[in-house]
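Participant: For reference, the structure I am asking about is given below.
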Amino acid sequence: MGITFEKKRKIFHLFTKDFSYYIHVNKYNYLIHLYSGKYLSDISKERVSERYIDRYAFLNDDNLETQDEDYYFSMMGSMFEVAPFGKGDKRNAPYILEGDNNIPLTNFLFYSYKIIKGKIDKKDYPLPYIKFKNSDIETLIITLKDEKRDVYLNLYYELSSKYHTLVRYASIINKSKEDIKVFKMSSFELDLPSSNYKLLTLKGTWSNETDLEYINLNHSLTKISENHNGRNFTYNPSIALLDKDTTFDNGEIYGFSNLYSGDFSYEIKVDEIDQTRIIGGYNDETFFYLLKENETLYSFETVIIYSSKGINDMSHKFHNLIRERLLPKTKELQNNYILINSWEAFYFDFDTKRLLELIDEAKKEEINLVVIDDGWFKNRNDDTSSLGDWEVDTSKIDLDKVINYAKSLNIDIGLWIEPEMISYNSSLFKEHSDFALIPPSYHNVTLFRHQLLLDLTRSEVVDYIFDKLSKIFDKYDIKYVKWDFNRFLSEGYSSYLLKERVKETPFRMMLGTYSLLNKFVSRYPNILLETCSAGGGRFDLGMLFYSPQIWGSDETDIALRSSIQFSKNIFYPLRSIGAHVSNRKLGSLQDKACLAFFGTYGYELDITKISEEDKNKIKEFNSYFKSFHNVVNDGDYYALYNPYESNYVSWNVVSKDKKTCLVYFMLYRKEQTKARFLKLKGLKKDKYYFNSLTNDIYKGDFYMNVGLNLSAPLESFTSMLFVIKEVDEVRATLYRKTKQVDGGKRDKLL
Ligand code: GLA
């Protein structure tokens with residue numbers, strides 16, 4: 001891998017063994033995107049950049065028309081790395097700035113470059129980042145200067161051959177005396193000379209998050225974006241651009257994922273000569289920044305992953321990167337726990353006695369983390385009050401007693417909080433109504449769930465809420481926190497920002513959230529954090545920087561949950577998806593366990609009220625989980641059946657050494673006998689594997705090419721989880737003779 005700059009032809013080449021990215025500095029100092037895709041050892045800049053449309057001409061300083069007959073460069077048709085705004089390129093532009101003259105012409109031209117080993121230190125800039133080691137990456141920094149102003153744009157390209165990723169972001173530095181208004185700030189632009197793409201997106205709503213949606217592009221602008229600032233139900237910030245015929249196993253794909261939890265947008269435009277431009281960055285609908293002299297503004301980081309081998313290969317790359325270079329260290333604590341959460345067991349209706357009963361039962365069922373969800377703090381008996389009043393409701397629970405009792409049984413306690421919020425009905429609001437985010441002289445502020453956001457653009461509010469929380473977490477031995485966020489931003493203009501900066505509110509709110517999270521994880525490095533937003537409404541790499549897991553969805557019914565997890569799996573590693581077994585009507589406890597198994601795993605029901613048989617099953621599931629969760633956590637994931645295109649949902653996960661494979665299969669609508677073969681992926685083709693479905697041994701290529709025979713009649717929502725384990729040849733031969741492996745026992749979970 002490497003990053004080179006060929007001085008004579010002015011060509012940058014960023015490459016790994018599978019990927020090439022070529023940039024050319026043209027004779028007018030525009031950065032031209034020449035190529036990205038499969039590895040290419042060389043390129044012809046002229047042939048690639050010629051477009052036969054609108055040859056570039058301009059008036060020079062002497063008012064003479066200037067045109068270069070030998071040189072093809074087109075404002076309308078060239079592929080830019082940074083397209084200008086307000087010039088002849090009328091496609092979407094990545095940056096729009098304005099200085100004192102109120103003219104937003106933005107024209108960045110090549111100025112200098114640097115290639116370094118490792119990552120640039122952003123000097124405590126409060127945005128999440130991929131924690132690359134120096135040996136993982138090389139970074140190219142290209143500096144451009146605005147044609148007319150002393151304003152610079154740095155483009156950062158972090159190339160990793162270890163992770164097969166290109167992480168991109170940008171910064172704008174104002175070295176002029178003018179105040180620069182930044183209306184649009186992107187992290188990347190990528191121009192591609194084809195329109196043969198479709199988009200893979202994850203859209204949704206509460207309890208139906210991350211629904212897989214393919215979008216066909218046309219010549220109008222397609223914008224995949226969020227404007228709820230911290231709630232990404234409408235669109236998740238991970239998307240992919242793929243060839244129209246790309247499948248899970250073949251074809252070209254570019255995946256994009258933002259390290260940001262606020263408003264973002266991806267703009268995709270097919271131009272008039274059928275090229276595609278994609279730009280990602282802050283959503284300009286709600287973004288603004290006033291950049292003063294010597295100030296620097298950063299975009300968030302966007303991870304870009306290219307693969308020529310289909311969606312599954314892209315998933316592996318995202319999963320590896322996120323697991324190894326994004327999730328916080330507390331991911332190691334995930335292995336310690338099987339949790340039970342009180343929400344669907346009790347909602348707000350609990351007291352010390354009920355909690356102690358829950359702890360007793362947890363002990364019996366080998367659950368070792370009891371999470372007290374909403375309702376433990378002062379006067380919080382329903383969702384109409386008390387957010388901000390972070391003090392234990394002693395009339396309801398004796399938290400010391402609960403913790404000590406749990407400890408005596410080797411059980412840890414977790415707590416739910418929603419720190420970015422304030423209830424209208426709360427002591428905090430009575431004392432400090434100014435802490436709530438309310439625009440100046442604005443009365444009809446929208447309440448959601450009876451609550452408002454705290455004005456986290458103000459550091460004193462961040463400090464106040466952190467101190468309040470610290471009093472709890474310093475005093476009580478809490479090992480896990482569920483950090484919720486149940487409303488989104490509306491009327492998002494702080495009364496405390498200067499008029500000229502008030503439109504910075506959404507961005508500053510997000511920075512406030514990150515600063516609060518930073519304080520929290522620095523002070524409590526051993527608390528396992530799970531973030532949440534009304535279920536899976538803030539599922540993104542920004543949050544995964546702080547919390548190794550995010551609650552997947554309030555929907556735990558297996559019908560919908562299975563597709564919610566399937567689509568999340570495309571980008572996010574399974575260990576990051578909060579998944580619990582609940583009491584929902586559909587499916588047996590076992591069906592639900594099979595699915596939750598492929599996430600963080602835990603329970604969300606009143607286990608004191610279930611049958612003895614179910615209690616025993618829970619114990620059995622737990623021991624099964626303990627034996628295999630390392631495969632789910634660290635293995636390679638393969639989608640087998642896409643529930644959006646078939647009556648089945650199925651995947652398998654293979655341990656890195658390819659010795660163990662876990663398979664999930666569920667059928668939605670009842671089917672009678674039907675030739676149904678489940679072909680697995682990722683096994684070693686010439687090794688023998690035992691499978692716990694039929695207790696047989698076959699070679700890897702049999703499982704992958706013939707598949708497991710599931711042709712029997714199947715009832716609706718039949719769920720299966722089985723294990724495929726490598727056995728050595730001697731055992732395989734012996735087995736064939738005697739049909740006895742592991743005592744011939746069929747796995748009990750199945
Ligand atoms: C949100 C979460 C739930 C639960 C409730 C508590 O809706 O998604 O899991 O924690 O808040 O109020």
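A note on labels: chains of the structure tokens are A, B, ... as shown, every chain counts residues from 1, and ligands are counted from 1 in their shown order.
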Which residues are near Asn312 of chain A? Cut-off 7 Å, only C-alpha atoms, ignore same chain within fewer than 5 positions. Put them as a list in words.
Facilitator: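 That gives Phe248, Asp249, Tyr638 and Ala639 of chain A.
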Participant: For ligand 1, collect every residue having any atom at a distance of at most 6 Å from a ligand atom (counting only C-alpha atoms and all ligand atoms); output as a ChimeraX atom specification.
Facilitator: /A:343,373-374,533-535,554
Participant: Quick one: residues within 10 Å of segment 626-629 of chain A, only C-alpha atoms counted, chain neighbours fewer than 4 positions away excluded, as a PDB file with C-alpha atoms, in the first residue's frame?
Facilitator:
```pdb
ATOM      1  CA  GLN A 334     -19.257  -7.185  27.256  1.00  0.00           C
ATOM      2  CA  ASN A 335     -17.865 -10.660  27.777  1.00  0.00           C
ATOM      3  CA  ASN A 336     -18.557 -10.509  31.502  1.00  0.00           C
ATOM      4  CA  TYR A 337     -22.279 -10.085  31.332  1.00  0.00           C
ATOM      5  CA  ILE A 338     -25.654 -11.524  30.579  1.00  0.00           C
ATOM      6  CA  ARG A 575     -21.575  -7.248  19.170  1.00  0.00           C
ATOM      7  CA  PHE A 597     -28.036 -14.505  20.492  1.00  0.00           C
ATOM      8  CA  PHE A 598     -26.712 -12.627  17.430  1.00  0.00           C
ATOM      9  CA  GLY A 599     -26.448  -9.351  19.341  1.00  0.00           C
ATOM     10  CA  THR A 600     -25.317  -8.420  22.845  1.00  0.00           C
ATOM     11  CA  TYR A 601     -27.795 -10.895  24.353  1.00  0.00           C
ATOM     12  CA  PHE A 621     -29.548 -20.595  26.671  1.00  0.00           C
ATOM     13  CA  ASN A 622     -27.137 -18.781  28.949  1.00  0.00           C
ATOM     14  CA  ASN A 633     -18.472 -10.979  18.867  1.00  0.00           C
ATOM     15  CA  ASP A 634     -15.420 -11.447  16.699  1.00  0.00           C
ATOM     16  CA  GLY A 635     -16.339 -13.666  13.765  1.00  0.00           C
ATOM     17  CA  SER A 655     -14.856 -17.593  13.798  1.00  0.00           C
ATOM     18  CA  THR A 660     -16.667 -22.726  14.404  1.00  0.00           C
ATOM     19  CA  CYS A 661     -19.653 -21.386  12.558  1.00  0.00           C
ATOM     20  CA  LEU A 662     -23.039 -20.329  13.954  1.00  0.00           C
ATOM     21  CA  VAL A 723     -23.406 -24.872  15.196  1.00  0.00           C
TER      22      VAL A 723
END
```
Participant: Which parts of segment 504-599 of chain A does DSSP call alpha helix (DSSP H) when run on the backbone here, written out as a ChimeraX atom specification?
Facilitator: /A:505-523,541-544,558-571,589-596
Participant: Where in segment 380-496 of chain A does DSSP assign strand (DSSP E or B), given as a PyMOL selection string?
Facilitator: chain A and resi 385+392+412-417+421-423+425+436+448+451-454+480-483
Participant: Could you save the residues just selected, with N, CA, C and O atoms, as a PDB file, in the first residue's frame?
Facilitator:
```pdb
ATOM      1  N   SER A 385     -42.440  13.409  33.899  1.00  0.00           N
ATOM      2  CA  SER A 385     -41.697  14.302  34.792  1.00  0.00           C
ATOM      3  C   SER A 385     -40.261  13.854  35.065  1.00  0.00           C
ATOM      4  O   SER A 385     -39.856  12.752  34.695  1.00  0.00           O
ATOM      5  N   VAL A 392     -31.730   9.551  43.616  1.00  0.00           N
ATOM      6  CA  VAL A 392     -32.490   8.313  43.820  1.00  0.00           C
ATOM      7  C   VAL A 392     -33.798   8.615  44.539  1.00  0.00           C
ATOM      8  O   VAL A 392     -33.828   9.395  45.497  1.00  0.00           O
ATOM      9  N   ASP A 412     -24.050  -7.649  39.251  1.00  0.00           N
ATOM     10  CA  ASP A 412     -23.804  -6.210  39.167  1.00  0.00           C
ATOM     11  C   ASP A 412     -25.091  -5.477  38.814  1.00  0.00           C
ATOM     12  O   ASP A 412     -26.021  -6.055  38.255  1.00  0.00           O
ATOM     13  N   ILE A 413     -25.069  -4.165  39.117  1.00  0.00           N
ATOM     14  CA  ILE A 413     -26.270  -3.354  38.879  1.00  0.00           C
ATOM     15  C   ILE A 413     -25.963  -2.274  37.841  1.00  0.00           C
ATOM     16  O   ILE A 413     -24.891  -1.665  37.846  1.00  0.00           O
ATOM     17  N   GLY A 414     -26.941  -2.054  36.953  1.00  0.00           N
ATOM     18  CA  GLY A 414     -26.831  -0.994  35.952  1.00  0.00           C
ATOM     19  C   GLY A 414     -27.983  -0.014  36.106  1.00  0.00           C
ATOM     20  O   GLY A 414     -29.010  -0.344  36.702  1.00  0.00           O
ATOM     21  N   LEU A 415     -27.815   1.196  35.577  1.00  0.00           N
ATOM     22  CA  LEU A 415     -28.863   2.222  35.673  1.00  0.00           C
ATOM     23  C   LEU A 415     -29.134   2.863  34.326  1.00  0.00           C
ATOM     24  O   LEU A 415     -28.232   3.004  33.500  1.00  0.00           O
ATOM     25  N   TRP A 416     -30.365   3.287  34.137  1.00  0.00           N
ATOM     26  CA  TRP A 416     -30.793   4.039  32.947  1.00  0.00           C
ATOM     27  C   TRP A 416     -30.684   5.530  33.235  1.00  0.00           C
ATOM     28  O   TRP A 416     -31.037   5.974  34.336  1.00  0.00           O
ATOM     29  N   ILE A 417     -30.203   6.309  32.282  1.00  0.00           N
ATOM     30  CA  ILE A 417     -30.235   7.769  32.413  1.00  0.00           C
ATOM     31  C   ILE A 417     -30.580   8.397  31.054  1.00  0.00           C
ATOM     32  O   ILE A 417     -30.420   7.761  30.008  1.00  0.00           O
ATOM     33  N   MET A 421     -31.556  15.688  28.639  1.00  0.00           N
ATOM     34  CA  MET A 421     -32.947  16.143  28.672  1.00  0.00           C
ATOM     35  C   MET A 421     -33.329  16.820  29.973  1.00  0.00           C
ATOM     36  O   MET A 421     -32.699  16.620  31.011  1.00  0.00           O
ATOM     37  N   ILE A 422     -34.439  17.546  29.881  1.00  0.00           N
ATOM     38  CA  ILE A 422     -35.043  18.150  31.076  1.00  0.00           C
ATOM     39  C   ILE A 422     -36.563  18.018  30.921  1.00  0.00           C
ATOM     40  O   ILE A 422     -37.103  18.325  29.853  1.00  0.00           O
ATOM     41  N   SER A 423     -37.228  17.513  31.967  1.00  0.00           N
ATOM     42  CA  SER A 423     -38.694  17.450  31.913  1.00  0.00           C
ATOM     43  C   SER A 423     -39.236  18.834  32.228  1.00  0.00           C
ATOM     44  O   SER A 423     -38.703  19.532  33.105  1.00  0.00           O
ATOM     45  N   ASN A 425     -41.897  19.215  33.762  1.00  0.00           N
ATOM     46  CA  ASN A 425     -42.294  19.023  35.145  1.00  0.00           C
ATOM     47  C   ASN A 425     -41.118  18.419  35.931  1.00  0.00           C
ATOM     48  O   ASN A 425     -41.008  17.212  36.083  1.00  0.00           O
ATOM     49  N   ALA A 436     -33.106  24.844  29.720  1.00  0.00           N
ATOM     50  CA  ALA A 436     -33.794  24.172  28.605  1.00  0.00           C
ATOM     51  C   ALA A 436     -33.512  24.920  27.310  1.00  0.00           C
ATOM     52  O   ALA A 436     -33.339  26.145  27.312  1.00  0.00           O
ATOM     53  N   PHE A 448     -41.878  16.884  23.409  1.00  0.00           N
ATOM     54  CA  PHE A 448     -42.035  15.477  23.036  1.00  0.00           C
ATOM     55  C   PHE A 448     -41.855  14.671  24.295  1.00  0.00           C
ATOM     56  O   PHE A 448     -40.884  14.900  25.035  1.00  0.00           O
ATOM     57  N   GLN A 451     -40.963  16.516  27.407  1.00  0.00           N
ATOM     58  CA  GLN A 451     -39.613  16.941  27.770  1.00  0.00           C
ATOM     59  C   GLN A 451     -38.995  17.864  26.738  1.00  0.00           C
ATOM     60  O   GLN A 451     -39.441  17.944  25.582  1.00  0.00           O
ATOM     61  N   LEU A 452     -37.944  18.545  27.179  1.00  0.00           N
ATOM     62  CA  LEU A 452     -37.184  19.451  26.316  1.00  0.00           C
ATOM     63  C   LEU A 452     -35.722  19.020  26.345  1.00  0.00           C
ATOM     64  O   LEU A 452     -35.307  18.289  27.243  1.00  0.00           O
ATOM     65  N   LEU A 453     -34.981  19.505  25.384  1.00  0.00           N
ATOM     66  CA  LEU A 453     -33.538  19.252  25.430  1.00  0.00           C
ATOM     67  C   LEU A 453     -32.871  20.265  26.341  1.00  0.00           C
ATOM     68  O   LEU A 453     -33.310  21.420  26.433  1.00  0.00           O
ATOM     69  N   LEU A 454     -31.821  19.853  27.002  1.00  0.00           N
ATOM     70  CA  LEU A 454     -31.004  20.823  27.725  1.00  0.00           C
ATOM     71  C   LEU A 454     -30.179  21.593  26.706  1.00  0.00           C
ATOM     72  O   LEU A 454     -29.803  21.045  25.659  1.00  0.00           O
ATOM     73  N   TYR A 480     -22.930  -0.558  34.775  1.00  0.00           N
ATOM     74  CA  TYR A 480     -23.459  -0.449  33.414  1.00  0.00           C
ATOM     75  C   TYR A 480     -24.408   0.746  33.382  1.00  0.00           C
ATOM     76  O   TYR A 480     -25.137   0.980  34.347  1.00  0.00           O
ATOM     77  N   VAL A 481     -24.383   1.470  32.262  1.00  0.00           N
ATOM     78  CA  VAL A 481     -25.322   2.585  32.104  1.00  0.00           C
ATOM     79  C   VAL A 481     -25.991   2.510  30.738  1.00  0.00           C
ATOM     80  O   VAL A 481     -25.329   2.303  29.719  1.00  0.00           O
ATOM     81  N   LYS A 482     -27.301   2.668  30.752  1.00  0.00           N
ATOM     82  CA  LYS A 482     -28.023   2.814  29.480  1.00  0.00           C
ATOM     83  C   LYS A 482     -28.326   4.299  29.321  1.00  0.00           C
ATOM     84  O   LYS A 482     -29.047   4.886  30.115  1.00  0.00           O
ATOM     85  N   TRP A 483     -27.720   4.886  28.322  1.00  0.00           N
ATOM     86  CA  TRP A 483     -27.770   6.354  28.100  1.00  0.00           C
ATOM     87  C   TRP A 483     -28.785   6.609  26.990  1.00  0.00           C
ATOM     88  O   TRP A 483     -28.501   6.369  25.831  1.00  0.00           O
TER      89      TRP A 483
END
```
